[in-house]
Structure formats: C-alpha cells, structure tokens
Amino acid sequence: MAHDHDHADGGDHAPEHHHGSTDDPAHPHNAPLSDVQLRVKALESLLTERGLVDPAALDELIDTYETKVGPRNGARVVAKAWVDPEFKRRLLADATATLADLGYIGRQGEDMVVLENTPRVHNLVVCTLCSCYPWPVLGLPPVWYKSAPYRSRAVIDPRGVLREVGVDLPDDVEVRVWDSTAELRYLVLPERPPGTEGWSEDELAQLVTRDAMIGVAQVGAPGTSR
Amino acid sequence: MNGAHDLGGMHGFGPVVLEPDEPVFHAEWERRAFALTVAMGGWGQWNLDMSRHAREQMPPAEYLATSYYEHWLWGLEQLLERHGFLARAEVAERLREGAEPTRTAVPSRAGALRPADVPRLLRNRRAARLDDPVPPKFKAGDAVMARNINPTGHTRIPRYVRGRRGVVDRDHGVFVFPDTNAAGTGRKPQHVYSVAFPARELWGPDARANDAVYVDLWDDYLDPV
C-alpha cells in the first residue's frame, strides 16, 4: 500500500513510465535530460519569466499532495465508520456533508458518494474516460488507476481484474463497477476484517489500504499481508 | 468525441500491475507538470471540461503511447496557446536555445497563484453542481436507454453504454453539462443520475448475470424506455 510521505527519490517506478524519464538511480540527475523534462522546464521558465506562475506556489501544490493529502485521510474515515454506526449511517446517506465535517473537502471531492462493501456486494471504482478520483480522501491516483489496462478492463472484466490483483470473489457476490463519468467521486467502504473486535479507530485505520478504498483489495484480517 | 481516451471495454492493454509502495510522483517533471496545470487553471480562463477536452485531442496513437502527466502537459500547452498565454512555438524556440533553460526571477503578476493561496484554491467548491431549479426527467427505478450519439466535441457518455438500457439508481441533482461547458457555449444545467447497466446488457450473454456497471449520465444522454 502507499504511504502518504513517500518520496520518489530512489523509489520504484511503474512500467508505464518508459517514455518520460523518472527518478531512477540507474539514470542519475547529471544524465542528459529527456525531451519531456526539457519541455516542462522550458514551460515553467517561460511562464515564470512572464509572471504567470510563482514557482513557490508550485512547490506548495506539490507538497500538499506529497505530504498532506493522501489515503490516510480515507483510512481514518473507514475506521470511524467501522466503530461508529451513526457516523456510518450519515456517511452512506450524505457523504459530502459528513466528510466535510471532518475537513475532507475541496478539489476533486466536491460531491462524494460512499459505497459499502458487504458479503453480498463488492463495489469497484474506475474512470474509463480519464482519471477521476476522490483527491481529498485518497490523494492523487496511482499510475495503474490512470492507465489503459485498468480503465479498459474494469468495466468489461471486473472479476478478471480482481483475480489478477488477488481478490477472488465467490460467484454469488454481486459486482458493481462505478464509472466516474461525472463530478461525483466515489469512496469504497470495505468490510471490517474479522479478529478486530475491540480495536481502536487508530489501530483499525492502520489496516485500511488505498486499494481497498478503490475496491481492488479487501482489508485483510490482522496478521495477513493483504 | 470518439477518441482514444474512451477506453472502457477495450482489449489488449495487458494486465493491471499494482506498484507496491508507489510514490505520488515518479519524476520531478511530473511534479512540475501537475503543479503548472493546477496553477495555470487558477487564472480561470478555462474550466475542467475544457481541460479534459484538450487532453482528449491528443492524437490517438500518441495518447496511447504516453503517460498520464504527458497527457496533462499536452493539454496544458494547447490551453496556454488557445488563451493567449504562451504559443507552443515559443516553447519549441526555448528548447532550441539551450538544454537547460535558465529561470529569471520576475515578481509574479497580480492574479498569479501565491503559496498562501494554495489551501484556499484547493478547498474551494467549484462550479460543477448548480442550484438551478431544473426538474428531473427521471427518478430512481426508471428504465432508461443511453442515447446512441456520437458528438465530435467533448462528451462524457462512454461509447460502451450508447444504445444500452439501464435503470436509474439515484438522482445526484443538477450539474453543469460537459458537452456545452467544454465548448464554452453554456452550462445547460440538468440532472445527473447513476444508471445501472446489467453486465449482460453491455457485454452479452457471457457476462455474469449478477454484475452491473453504474455510469453517471446527464438528462441529455438519456431517453425513457
């Protein structure tokens, strides 16, 4: 699962990133810059020279989504819903207002819907047309969510996609795929795993993964890896 | 437009690969491309639907061969040119001038996004949901058919639902209509619904009987059945 405070330096990178250069230790920063790196630098320089952007504001935007807004927000919401039935009822009835009470509002989360997974229904969220994703509760989307394999297959073969990432659903479970084609943003409320009776909200939040809140994972019982 | 971005139901792109401990950005240029797009959007010269439409106009072969932030970068360059901020030729000229462009410190103009403005910009409610008292054409439980339409401009009705029947699951209220909003011809306020399409209606008898795809669709995309 992702960590809010992870930085790219020296980190893994996705296979989709063959085109633009990445922070790959095998290609250090003194190597020639790729076309896309140069294009972005040229663009930023020109816009800065014309007074159209303040580079410090760009730094602030980046820092916000690298260190402040991320899937730990969503995990706290899920854990609270698991321990507080009244909160869960409000969350499912009016996600936007209930999340706003916790301070989770704003860009790409203006109108929220929370979908509850149960032993009978499994929800899965996709955006086939672009990459719509609930930023205030999950941060910016992972590469796989924005990439062609997931966007193409989630709607036509959701069970195949789920099997591939380790979720094998019984035949009698209903799979609901939510294609985020409008400005509604969807958060999946995963099932609370067994063996967590009496756990605190903080302990439960540690179990909740970003992928479970998109619907491509289940929350594993304590002591299991997924 | 029937572009390469409309991917739902296509085959051949390979497996979904989750990256363990994935970072938010994979390269410095991704950070800057992301932030430049958000910051320049702050000038209010284009709306979200125009941004999406700009990215969709990337030539299909190029769209499928490039990564997400390259789509953003391409879209931003189109919008900057169209709105008179910066011609794409100027970026090309800067690239010819030198490998490492220098950055000249210039005080940013009034109206440019400042660091202190960032929290407010990100927390502002944007104008997709509208208060216009437009009556709904449908209600939960109504049988509907997604129209078989093929607009050449921006649209949010995916190809895979066109001409297919579904049932309105819920009414989300009144929103801006993306087709006209992207074209700059008006907001055309109307209701958006989650419409449940049975998997078999979309994909035929090999699909599972108990699966469904829920798609958010506007009044103008739907007919009663």
# chains A, B, ... in the order shown; residues from 1 in each chain; ligands from 1

$ residues_around --residues "stretch 169-175 of chain B" --least-positions-apart "5" --cutoff "12 Å" --atoms "only C-alpha atoms" --output "NGL selection string"
(:A and (93-94 or 96 or 110-113 or 176 or 178 or 182-185)) or (:B and (126-144 or 180-181 or 186-198 or 212-220))

$ select_by_dssp --residues "chain B" --states "alpha helix (DSSP H)" --output "PyMOL selection string"
chain B and resi 28-41+48-56+60-65+68-82+88-97+118-123+178-183+199-203

$ closest_atom_pairs --of "stretch 165-208 of chain A" --to "stretch 132-152 of chain A" --cutoff "8 Å" --atoms "only C-alpha atoms" --output "CSV"
residue,atom,partner,partner_atom,distance
A:Ser180,CA,A:Cys132,CA,6.2
A:Thr181,CA,A:Cys132,CA,7.8
A:Arg185,CA,A:Pro134,CA,5.2
A:Tyr186,CA,A:Pro134,CA,6.4
A:Leu187,CA,A:Pro134,CA,7.0

$ write_last_selection --atoms "N, CA, C and O atoms" --output "short mmCIF file (atom, residue, chain, number, x, y, z; two decimals), in the first residue's frame"
data_model
loop_
_atom_site.label_atom_id
_atom_site.label_comp_id
_atom_site.auth_asym_id
_atom_site.auth_seq_id
_atom_site.Cartn_x
_atom_site.Cartn_y
_atom_site.Cartn_z
N SER A 180 -16.73 6.69 -13.01
CA SER A 180 -16.85 8.09 -12.57
C SER A 180 -16.87 9.02 -13.78
O SER A 180 -15.90 9.73 -14.04
N THR A 181 -17.98 9.04 -14.51
CA THR A 181 -18.04 9.85 -15.72
C THR A 181 -18.46 11.29 -15.46
O THR A 181 -18.30 12.15 -16.31
N ARG A 185 -17.58 11.72 -6.90
CA ARG A 185 -16.36 10.97 -6.61
C ARG A 185 -16.69 9.89 -5.59
O ARG A 185 -17.38 10.16 -4.61
N TYR A 186 -16.18 8.69 -5.85
CA TYR A 186 -16.60 7.50 -5.10
C TYR A 186 -15.50 6.97 -4.19
O TYR A 186 -14.34 6.88 -4.59
N LEU A 187 -15.90 6.63 -2.96
CA LEU A 187 -15.00 6.00 -1.99
C LEU A 187 -15.66 4.69 -1.54
O LEU A 187 -16.83 4.69 -1.16
#

$ select_by_dssp --residues "chain B" --states "strand (DSSP E)" --output "PyMOL selection string"
chain B and resi 143-146+165-175+190-198+212-218+222-224

$ write_last_selection --atoms "N, CA and C atoms" --output "mmCIF file, in the first residue's frame"
data_model
loop_
_atom_site.group_PDB
_atom_site.id
_atom_site.type_symbol
_atom_site.label_atom_id
_atom_site.label_comp_id
_atom_site.auth_asym_id
_atom_site.auth_seq_id
_atom_site.Cartn_x
_atom_site.Cartn_y
_atom_site.Cartn_z
ATOM 1 N N ALA B 143 -36.672 2.972 -16.062
ATOM 2 C CA ALA B 143 -35.907 2.316 -17.123
ATOM 3 C C ALA B 143 -35.527 3.365 -18.162
ATOM 4 N N VAL B 144 -34.264 3.394 -18.542
ATOM 5 C CA VAL B 144 -33.780 4.395 -19.499
ATOM 6 C C VAL B 144 -32.901 3.719 -20.551
ATOM 7 N N MET B 145 -32.688 4.437 -21.657
ATOM 8 C CA MET B 145 -31.712 3.989 -22.645
ATOM 9 C C MET B 145 -30.725 5.118 -22.880
ATOM 10 N N ALA B 146 -29.433 4.772 -22.849
ATOM 11 C CA ALA B 146 -28.415 5.768 -23.183
ATOM 12 C C ALA B 146 -28.506 6.039 -24.682
ATOM 13 N N ARG B 165 -29.640 -0.279 -22.432
ATOM 14 C CA ARG B 165 -30.691 0.002 -21.455
ATOM 15 C C ARG B 165 -30.202 -0.203 -20.033
ATOM 16 N N GLY B 166 -30.650 0.668 -19.165
ATOM 17 C CA GLY B 166 -30.296 0.551 -17.755
ATOM 18 C C GLY B 166 -31.430 1.059 -16.885
ATOM 19 N N VAL B 167 -31.173 1.096 -15.596
ATOM 20 C CA VAL B 167 -32.169 1.562 -14.634
ATOM 21 C C VAL B 167 -31.531 2.661 -13.781
ATOM 22 N N VAL B 168 -32.269 3.749 -13.601
ATOM 23 C CA VAL B 168 -31.763 4.843 -12.772
ATOM 24 C C VAL B 168 -31.635 4.359 -11.329
ATOM 25 N N ASP B 169 -30.418 4.430 -10.796
ATOM 26 C CA ASP B 169 -30.173 4.004 -9.420
ATOM 27 C C ASP B 169 -30.424 5.148 -8.450
ATOM 28 N N ARG B 170 -29.944 6.349 -8.804
ATOM 29 C CA ARG B 170 -30.187 7.520 -7.954
ATOM 30 C C ARG B 170 -29.988 8.799 -8.752
ATOM 31 N N ASP B 171 -30.634 9.851 -8.265
ATOM 32 C CA ASP B 171 -30.538 11.178 -8.880
ATOM 33 C C ASP B 171 -29.542 11.980 -8.046
ATOM 34 N N HIS B 172 -28.468 12.462 -8.678
ATOM 35 C CA HIS B 172 -27.446 13.198 -7.934
ATOM 36 C C HIS B 172 -27.706 14.697 -7.866
ATOM 37 N N GLY B 173 -28.736 15.171 -8.564
ATOM 38 C CA GLY B 173 -29.003 16.608 -8.558
ATOM 39 C C GLY B 173 -28.541 17.261 -9.855
ATOM 40 N N VAL B 174 -28.491 18.595 -9.811
ATOM 41 C CA VAL B 174 -28.277 19.384 -11.038
ATOM 42 C C VAL B 174 -26.799 19.758 -11.184
ATOM 43 N N PHE B 175 -26.271 19.539 -12.389
ATOM 44 C CA PHE B 175 -24.859 19.822 -12.673
ATOM 45 C C PHE B 175 -24.711 20.514 -14.024
ATOM 46 N N GLN B 190 -28.634 20.532 -15.746
ATOM 47 C CA GLN B 190 -29.539 19.377 -15.821
ATOM 48 C C GLN B 190 -29.120 18.313 -14.815
ATOM 49 N N HIS B 191 -30.027 17.364 -14.578
ATOM 50 C CA HIS B 191 -29.766 16.335 -13.575
ATOM 51 C C HIS B 191 -28.762 15.296 -14.068
ATOM 52 N N VAL B 192 -28.006 14.788 -13.106
ATOM 53 C CA VAL B 192 -27.088 13.659 -13.342
ATOM 54 C C VAL B 192 -27.591 12.487 -12.505
ATOM 55 N N TYR B 193 -27.600 11.314 -13.112
ATOM 56 C CA TYR B 193 -28.057 10.104 -12.415
ATOM 57 C C TYR B 193 -26.985 9.030 -12.502
ATOM 58 N N SER B 194 -26.921 8.183 -11.469
ATOM 59 C CA SER B 194 -26.200 6.922 -11.630
ATOM 60 C C SER B 194 -27.162 5.961 -12.300
ATOM 61 N N VAL B 195 -26.767 5.453 -13.459
ATOM 62 C CA VAL B 195 -27.606 4.496 -14.184
ATOM 63 C C VAL B 195 -26.922 3.134 -14.127
ATOM 64 N N ALA B 196 -27.670 2.131 -13.649
ATOM 65 C CA ALA B 196 -27.113 0.774 -13.536
ATOM 66 C C ALA B 196 -27.393 0.011 -14.828
ATOM 67 N N PHE B 197 -26.337 -0.418 -15.490
ATOM 68 C CA PHE B 197 -26.462 -1.235 -16.698
ATOM 69 C C PHE B 197 -26.059 -2.667 -16.340
ATOM 70 N N PRO B 198 -26.975 -3.642 -16.521
ATOM 71 C CA PRO B 198 -26.581 -5.033 -16.248
ATOM 72 C C PRO B 198 -25.399 -5.415 -17.153
ATOM 73 N N ALA B 212 -23.020 -5.542 -12.618
ATOM 74 C CA ALA B 212 -23.566 -4.352 -13.274
ATOM 75 C C ALA B 212 -22.519 -3.247 -13.286
ATOM 76 N N VAL B 213 -22.645 -2.339 -14.256
ATOM 77 C CA VAL B 213 -21.799 -1.149 -14.299
ATOM 78 C C VAL B 213 -22.689 0.068 -14.088
ATOM 79 N N TYR B 214 -22.315 0.893 -13.122
ATOM 80 C CA TYR B 214 -23.063 2.109 -12.795
ATOM 81 C C TYR B 214 -22.329 3.288 -13.437
ATOM 82 N N VAL B 215 -23.052 4.029 -14.278
ATOM 83 C CA VAL B 215 -22.435 5.128 -15.024
ATOM 84 C C VAL B 215 -23.206 6.406 -14.730
ATOM 85 N N ASP B 216 -22.469 7.493 -14.447
ATOM 86 C CA ASP B 216 -23.127 8.774 -14.168
ATOM 87 C C ASP B 216 -23.450 9.477 -15.482
ATOM 88 N N LEU B 217 -24.740 9.698 -15.723
ATOM 89 C CA LEU B 217 -25.181 10.241 -17.009
ATOM 90 C C LEU B 217 -26.157 11.402 -16.809
ATOM 91 N N TRP B 218 -26.093 12.361 -17.723
ATOM 92 C CA TRP B 218 -26.917 13.564 -17.679
ATOM 93 C C TRP B 218 -28.238 13.323 -18.425
ATOM 94 N N LEU B 222 -29.956 10.617 -22.052
ATOM 95 C CA LEU B 222 -30.884 9.522 -21.742
ATOM 96 C C LEU B 222 -32.243 9.685 -22.401
ATOM 97 N N ASP B 223 -32.847 8.564 -22.774
ATOM 98 C CA ASP B 223 -34.237 8.525 -23.221
ATOM 99 C C ASP B 223 -34.993 7.558 -22.316
ATOM 100 N N PRO B 224 -36.312 7.810 -22.144
ATOM 101 C CA PRO B 224 -37.112 6.824 -21.389
ATOM 102 C C PRO B 224 -37.280 5.554 -22.234
#

$ residues_around --residues "A:Glu203" --least-positions-apart "2" --cutoff "12 Å" --atoms "only C-alpha atoms" --output "ChimeraX atom specification"
/A:75-76,78-80,82-83,196-201,205-208,222

$ atom_distance --atom1 "atom CA of A:Val167" --atom2 "atom CA of A:Arg192"
15.5 Å

$ closest_residue --among "A:Arg120, A:Arg210, A:Lys88, A:Arg39" --to "chain B" --atoms "only C-alpha atoms"
A:Arg39

$ residues_around --residues "B:Gly9" --least-positions-apart "6" --cutoff "12 Å" --atoms "only C-alpha atoms" --output "MDAnalysis selection string"
(chainID A and resid 128:129 148:158 179) or (chainID B and resid 158:161 199 202:203 213)

$ residues_around --residues "B:His154" --least-positions-apart "6" --cutoff "6 Å" --atoms "only C-alpha atoms" --output "ChimeraX atom specification"
/B:1,53,179

$ write_last_selection --atoms "C-alpha atoms" --output "PDB file, in the first residue's frame"
ATOM      1  CA  MET B   1     -15.512  12.737 -29.456  1.00  0.00           C
ATOM      2  CA  HIS B  53     -11.276  18.095 -23.911  1.00  0.00           C
ATOM      3  CA  ASP B 179     -20.651  18.934 -23.750  1.00  0.00           C
TER       4      ASP B 179
END

$ closest_residue --among "B:Leu7, B:Leu73, B:Met50, B:Val106" --to "A:Arg50" --atoms "only C-alpha atoms"
B:Val106

$ residues_around --residues "B:Glu90" --least-positions-apart "5" --cutoff "12 Å" --atoms "only C-alpha atoms" --output "list in words"
Arg39, Ala42, Leu43, Ser45, Leu46 and Leu47 of chain A; Glu77, Leu80, Glu81, Gly84, Phe85, Leu95, Arg96 and Glu97 of chain B

$ write_last_selection --atoms "C-alpha atoms" --output "short mmCIF file (atom, residue, chain, number, x, y, z; two decimals), in the first residue's frame"
data_model
loop_
_atom_site.label_atom_id
_atom_site.label_comp_id
_atom_site.auth_asym_id
_atom_site.auth_seq_id
_atom_site.Cartn_x
_atom_site.Cartn_y
_atom_site.Cartn_z
CA ARG A 39 9.67 20.66 -22.21
CA ALA A 42 11.02 25.36 -20.69
CA LEU A 43 7.33 25.79 -19.95
CA SER A 45 10.72 29.09 -17.18
CA LEU A 46 8.64 30.93 -19.77
CA LEU A 47 5.57 31.17 -17.52
CA GLU B 77 0.22 23.55 -23.90
CA LEU B 80 -1.97 28.14 -22.98
CA GLU B 81 -1.80 28.77 -26.69
CA GLY B 84 -3.00 33.66 -25.45
CA PHE B 85 -0.66 32.88 -22.54
CA LEU B 95 14.16 24.30 -26.29
CA ARG B 96 16.33 25.11 -29.32
CA GLU B 97 18.11 27.85 -27.37
#

$ atom_distance --atom1 "atom CA of A:Ile62" --atom2 "atom CA of B:Phe34"
7.9 Å
